Amino acid sequence: MSHRDWRIIIIPHQLSKTKTVLIAKLLTLALIAAATPILRRDAITVEDDVNQKIAPGISTLSNDVNTFPASGLAGAVAIHDDFEDLVSSVNHAITDTNSTGSLDDESGAAILNDVQVVIAGLLGVLSAIENQATAWSSVPGGADLVLNDLHTLHTAFDNFADALITNEPASLSDQNTSLKTTIDSAFNSAEAAYAS
């Protein structure tokens, strides 16, 4: 079978150049459309970030904070590591929230409910850390380290709240704004204990 015969088997009809270009464009559009869902996250991804990354991170931080100062320097290092891990989880959730785009009422409400539960745990941790300011001052550089960790985590949660405010439906805007105010108030109080 000659080279020419093979081409005839693959393409039994001679396509015009216009048809070939049209098919190529359609294939390109189909590939882009097929890839789009891979690039966009959905609400379940954000819920997983909240429930499977942020919530366990807060729980770990809470456990380590509650054993300090008895845990000593090793406990202080663990708390610092917990802060860094939690910041990373929150930043990941920000990326996913922004990639999700505008949420419908049902998805938005589900995410908001999850976040409210997680924030309740965070508020307890921040209160405990605030009450440990004296203990942290006895660790060389401890108070400064905690203050820096608080600032970094505060920024991450503020950015997460902003992502929620931007992408949640307008019907939940007031609740998201109120949540951000609550977060800011708790962080400001804890940071003030270490700033003096």
# chains A, B, ... in the order shown; residues from 1 in each chain; ligands from 1
>>> residues_around(residues="Asn131 of chain A", least_positions_apart="5", cutoff="9 Å", atoms="only C-alpha atoms", output="MDAnalysis selection string")
chainID A and resid 126 190 193
>>> residues_around(residues="Phe83 of chain A", least_positions_apart="3", cutoff="9 Å", atoms="only C-alpha atoms", output="compact mmCIF listing (two decimals) with C-alpha atoms, in the first residue's frame")
# COMPACT_ATOMS: atom_id res chain seq x y z
CA GLY A 57 -5.34 22.88 62.25
CA ILE A 58 -7.25 24.90 64.84
CA LEU A 61 -3.16 24.57 67.76
CA ALA A 78 5.05 23.18 68.25
CA ILE A 79 2.72 26.17 68.61
CA HIS A 80 4.77 28.19 66.14
CA LEU A 86 -2.79 26.90 59.81
CA VAL A 87 -1.76 29.94 57.76
CA SER A 88 -0.94 27.60 54.87
CA VAL A 146 3.63 34.82 69.06
CA ASP A 149 2.36 34.50 64.31
CA LEU A 150 -0.85 36.25 65.38
CA THR A 152 0.29 36.47 60.02
CA LEU A 153 -2.73 34.34 60.91
>>> closest_residue(among="A:Ser62, A:Glu130, A:Leu164, A:Asp158", to="Glu47 of chain A", atoms="only C-alpha atoms")
A:Leu164
>>> closest_residue(among="A:Asn188, A:Gln132, A:Thr166, A:Thr182", to="Thr100 of chain A", atoms="only C-alpha atoms")
A:Thr166
>>> closest_residue(among="A:Leu145, A:Ala163, A:Val117, A:Ala186", to="Val77 of chain A", atoms="only C-alpha atoms")
A:Leu145
>>> residues_around(residues="Asn51 of chain A", least_positions_apart="6", cutoff="9 Å", atoms="only C-alpha atoms", output="PDB file with N, CA and C atoms, in the first residue's frame")
ATOM      1  N   ASP A 114     -20.132  26.206  58.054  1.00  0.00           N
ATOM      2  CA  ASP A 114     -18.883  25.520  58.394  1.00  0.00           C
ATOM      3  C   ASP A 114     -17.857  26.498  58.964  1.00  0.00           C
ATOM      4  N   VAL A 115     -17.743  27.649  58.331  1.00  0.00           N
ATOM      5  CA  VAL A 115     -16.771  28.650  58.778  1.00  0.00           C
ATOM      6  C   VAL A 115     -17.136  29.162  60.171  1.00  0.00           C
ATOM      7  N   VAL A 118     -15.936  26.722  62.747  1.00  0.00           N
ATOM      8  CA  VAL A 118     -14.478  26.770  62.850  1.00  0.00           C
ATOM      9  C   VAL A 118     -14.020  28.028  63.585  1.00  0.00           C
TER      10      VAL A 118
END
>>> atom_distance(atom1="atom CA of Ile44 of chain A", atom2="atom CA of Ala120 of chain A")
21.0 Å
>>> residues_around(residues="Ile183 of chain A", least_positions_apart="6", cutoff="10 Å", atoms="only C-alpha atoms", output="list of chain:residue names")
A:Ile119, A:Ala120, A:Leu122, A:Leu123, A:Leu126, A:His154, A:Phe157, A:Asp158, A:Ala161, A:Thr177
>>> closest_residue(among="A:Ile111, A:Ala195, A:Val125, A:Ile54", to="Thr67 of chain A", atoms="only C-alpha atoms")
A:Val125
>>> closest_residue(among="A:Gln52, A:Asn91, A:Asn176, A:Thr45", to="Thr155 of chain A", atoms="only C-alpha atoms")
A:Asn91
>>> atom_distance(atom1="atom CA of Ile165 of chain A", atom2="atom CA of Ala128 of chain A")
27.8 Å
>>> residues_around(residues="Ala170 of chain A", least_positions_apart="4", cutoff="10 Å", atoms="only C-alpha atoms", output="mmCIF file with C-alpha atoms, in the first residue's frame")
data_model
loop_
_atom_site.group_PDB
_atom_site.id
_atom_site.type_symbol
_atom_site.label_atom_id
_atom_site.label_comp_id
_atom_site.auth_asym_id
_atom_site.auth_seq_id
_atom_site.Cartn_x
_atom_site.Cartn_y
_atom_site.Cartn_z
ATOM 1 C CA SER A 102 -19.761 33.311 42.815
ATOM 2 C CA LEU A 103 -21.619 30.835 44.991
ATOM 3 C CA ASP A 104 -25.340 30.171 45.013
ATOM 4 C CA ASP A 105 -27.404 30.614 48.197
ATOM 5 C CA GLY A 108 -22.831 29.855 50.299
ATOM 6 C CA ILE A 165 -17.557 38.343 51.162
ATOM 7 C CA THR A 166 -16.628 38.623 47.479
ATOM 8 C CA ASP A 174 -24.083 40.949 56.321
ATOM 9 C CA GLN A 175 -23.306 37.640 58.035
ATOM 10 C CA ASN A 176 -19.895 37.400 56.359
#
>>> decode(residues="segment 75-138 of chain A", atoms="C-alpha atoms", output="PDB file, in the first residue's frame")
ATOM      1  CA  GLY A  75       5.621  23.242  73.173  1.00  0.00           C
ATOM      2  CA  ALA A  76       6.499  26.767  72.050  1.00  0.00           C
ATOM      3  CA  VAL A  77       8.085  25.405  68.876  1.00  0.00           C
ATOM      4  CA  ALA A  78       5.047  23.177  68.247  1.00  0.00           C
ATOM      5  CA  ILE A  79       2.716  26.173  68.614  1.00  0.00           C
ATOM      6  CA  HIS A  80       4.773  28.195  66.144  1.00  0.00           C
ATOM      7  CA  ASP A  81       4.662  25.283  63.679  1.00  0.00           C
ATOM      8  CA  ASP A  82       0.894  24.998  64.222  1.00  0.00           C
ATOM      9  CA  PHE A  83       0.488  28.680  63.339  1.00  0.00           C
ATOM     10  CA  GLU A  84       2.470  28.226  60.127  1.00  0.00           C
ATOM     11  CA  ASP A  85       0.496  25.129  59.122  1.00  0.00           C
ATOM     12  CA  LEU A  86      -2.792  26.903  59.808  1.00  0.00           C
ATOM     13  CA  VAL A  87      -1.763  29.941  57.759  1.00  0.00           C
ATOM     14  CA  SER A  88      -0.944  27.604  54.870  1.00  0.00           C
ATOM     15  CA  SER A  89      -4.355  25.902  55.150  1.00  0.00           C
ATOM     16  CA  VAL A  90      -6.201  29.225  55.256  1.00  0.00           C
ATOM     17  CA  ASN A  91      -4.247  30.526  52.258  1.00  0.00           C
ATOM     18  CA  HIS A  92      -5.148  27.361  50.351  1.00  0.00           C
ATOM     19  CA  ALA A  93      -8.820  27.937  51.203  1.00  0.00           C
ATOM     20  CA  ILE A  94      -8.539  31.524  49.931  1.00  0.00           C
ATOM     21  CA  THR A  95      -7.229  30.284  46.584  1.00  0.00           C
ATOM     22  CA  ASP A  96     -10.003  27.711  46.300  1.00  0.00           C
ATOM     23  CA  THR A  97     -12.690  30.213  47.337  1.00  0.00           C
ATOM     24  CA  ASN A  98     -11.553  32.716  44.733  1.00  0.00           C
ATOM     25  CA  SER A  99     -11.302  29.974  42.092  1.00  0.00           C
ATOM     26  CA  THR A 100     -14.842  28.853  42.867  1.00  0.00           C
ATOM     27  CA  GLY A 101     -16.243  32.230  41.956  1.00  0.00           C
ATOM     28  CA  SER A 102     -19.761  33.311  42.815  1.00  0.00           C
ATOM     29  CA  LEU A 103     -21.619  30.835  44.991  1.00  0.00           C
ATOM     30  CA  ASP A 104     -25.340  30.171  45.013  1.00  0.00           C
ATOM     31  CA  ASP A 105     -27.404  30.614  48.197  1.00  0.00           C
ATOM     32  CA  GLU A 106     -27.317  26.944  49.184  1.00  0.00           C
ATOM     33  CA  SER A 107     -23.563  26.487  48.741  1.00  0.00           C
ATOM     34  CA  GLY A 108     -22.831  29.855  50.299  1.00  0.00           C
ATOM     35  CA  ALA A 109     -24.920  29.058  53.376  1.00  0.00           C
ATOM     36  CA  ALA A 110     -23.249  25.652  53.785  1.00  0.00           C
ATOM     37  CA  ILE A 111     -19.771  27.184  53.634  1.00  0.00           C
ATOM     38  CA  LEU A 112     -20.740  30.019  55.983  1.00  0.00           C
ATOM     39  CA  ASN A 113     -22.111  27.534  58.536  1.00  0.00           C
ATOM     40  CA  ASP A 114     -18.883  25.520  58.394  1.00  0.00           C
ATOM     41  CA  VAL A 115     -16.771  28.650  58.778  1.00  0.00           C
ATOM     42  CA  GLN A 116     -18.830  29.864  61.754  1.00  0.00           C
ATOM     43  CA  VAL A 117     -18.196  26.570  63.584  1.00  0.00           C
ATOM     44  CA  VAL A 118     -14.478  26.770  62.850  1.00  0.00           C
ATOM     45  CA  ILE A 119     -14.259  30.407  63.934  1.00  0.00           C
ATOM     46  CA  ALA A 120     -15.869  29.551  67.271  1.00  0.00           C
ATOM     47  CA  GLY A 121     -12.927  27.211  67.910  1.00  0.00           C
ATOM     48  CA  LEU A 122     -10.461  29.842  66.740  1.00  0.00           C
ATOM     49  CA  LEU A 123     -11.903  32.403  69.164  1.00  0.00           C
ATOM     50  CA  GLY A 124     -11.243  29.997  72.046  1.00  0.00           C
ATOM     51  CA  VAL A 125      -7.633  29.533  70.940  1.00  0.00           C
ATOM     52  CA  LEU A 126      -7.089  33.282  70.625  1.00  0.00           C
ATOM     53  CA  SER A 127      -8.507  33.864  74.095  1.00  0.00           C
ATOM     54  CA  ALA A 128      -6.215  31.194  75.569  1.00  0.00           C
ATOM     55  CA  ILE A 129      -3.173  32.670  73.802  1.00  0.00           C
ATOM     56  CA  GLU A 130      -4.111  36.128  75.036  1.00  0.00           C
ATOM     57  CA  ASN A 131      -4.198  34.800  78.613  1.00  0.00           C
ATOM     58  CA  GLN A 132      -0.730  33.259  78.187  1.00  0.00           C
ATOM     59  CA  ALA A 133       1.078  36.517  77.424  1.00  0.00           C
ATOM     60  CA  THR A 134       3.008  36.428  80.708  1.00  0.00           C
ATOM     61  CA  ALA A 135       4.111  32.825  80.159  1.00  0.00           C
ATOM     62  CA  TRP A 136       5.306  33.634  76.642  1.00  0.00           C
ATOM     63  CA  SER A 137       7.393  36.555  77.938  1.00  0.00           C
ATOM     64  CA  SER A 138       9.463  34.065  79.944  1.00  0.00           C
TER      65      SER A 138
END
